[in-house]
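Report on the structure given below.
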Amino acid sequence: MDTSNLENGDLLFMRDNSEFSKAIIETTKEYSHVGIFFDGMIYHASRKYGVTKQKLAGFLSEGNWNVDVYRYPEIDCEIVREQAEKYLGREYNHSFYPGNDKFYCSQYIAEILPIFDWVPMKFNDDVNEVSDYWKKYYDELGLDVPVGVPGTNPSQISKCKKIKLIGKLKQNMKNSQ
């Protein structure tokens with residue numbers, strides 16, 4: 001599908017080839033990032049910018065994203081956009097711990113569109129309960145890995161029965177808004 005087919009409130013579930021993305025996908029299996037679309041903009045929590053809204057074309061040009069589009073048929077776009085705007089400027093939640101007034105991508109989406117369940121977080125790979133990537137990541141933060149702490153992840157929220165996969169977004173920048 002083309003960006004011109006996007007509707008306000010569409011959820012964009014993504015993956016790319018960055019090390020961070022690979023570490024998330026190794027544990028969660030499918031997606032490493034999620035944002036929500038309104039009027040040519042993607043609202044999301046970014047490691048680089050915190051909670052932000054960006055022109056979708058600009059965001060897509062920053063990485064080599066594979067994007068799947070999901071739709072929540074019962075969304076009230078006005079209320080969800082109002083909630084999305086409310087948190088703009090918040091810092092990124094690098095620790096993934098809840099309750100610190102910061103957001104990671106799926107935490108932000110679950111906050112503004114509260115239809116998703118929280119699950120115990122995992123940071124494993126095929127061999128270890130905590131992968132080497134996440135051990136190093138949390139060592140650098142000076143924190144314990146939050147295994148079992150309630151949280152969300154893009155792959156998990158993409159499985160919510162209330163949303164439906166619409167299609168794959170084509171990376172045709174001429175048609176991006």
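Each chain of the structure tokens is named A, B, ... in the order shown, its residues numbered from 1; ligands are numbered from 1 in display order.
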
Quick one: pick out all alpha helix (DSSP H) residues within region 92-137 of chain A from a backbone DSSP run and write them as a list in words. Cys105, Ser106, Gln107, Tyr108, Ile109, Ala110, Glu111, Ile112, Asp132, Tyr133, Trp134, Lys135, Lys136 and Tyr137 of chain A

Region 19-21 of chain A surroundings by only C-alpha atoms, 12 Å radius, close-in-sequence under 5 positions cut, as JSON, numbers by chain: {"A": [14, 26, 27, 28, 29, 30, 31, 32, 33, 34, 47, 63, 64, 65, 66, 94, 133, 134, 136, 137, 153, 154, 155]}

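The spacing separating CA of Tyr70 (chain A) from CA of Ile163 (chain A) amounts to 6.2 Å.
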
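Of the residues listed (A:Val51, A:Ile75, A:Ile36, A:Leu6), A:Val51 shows the shortest atom-to-atom separation from Tyr104 (chain A); distances use only C-alpha atoms.
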
A:Gly89, A:Gly35, A:Gly58, A:Pro146 ranked by distance to Ile109 (chain A), top pick (using only C-alpha atoms):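 Looking only at the distances to Ile109 (chain A), the closest residue turns out to be A:Gly35.
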
What is the distance between CA of Gln83 (chain A) and CA of Asp16 (chain A), in Å to one decimal?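 Computed distance, CA of Gln83 (chain A) to CA of Asp16 (chain A), equals 27.2 Å.
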
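Of the residues listed (A:Leu88, A:Val69, A:Met41, A:Leu11), A:Val69 shows the shortest atom-to-atom separation from Leu165 (chain A); distances use only C-alpha atoms.
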
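Candidate residues A:Arg90, A:Lys168, A:Lys122, A:Lys135 were compared for distance to Gly151 (chain A), and the nearest is A:Lys122, using only C-alpha atoms.
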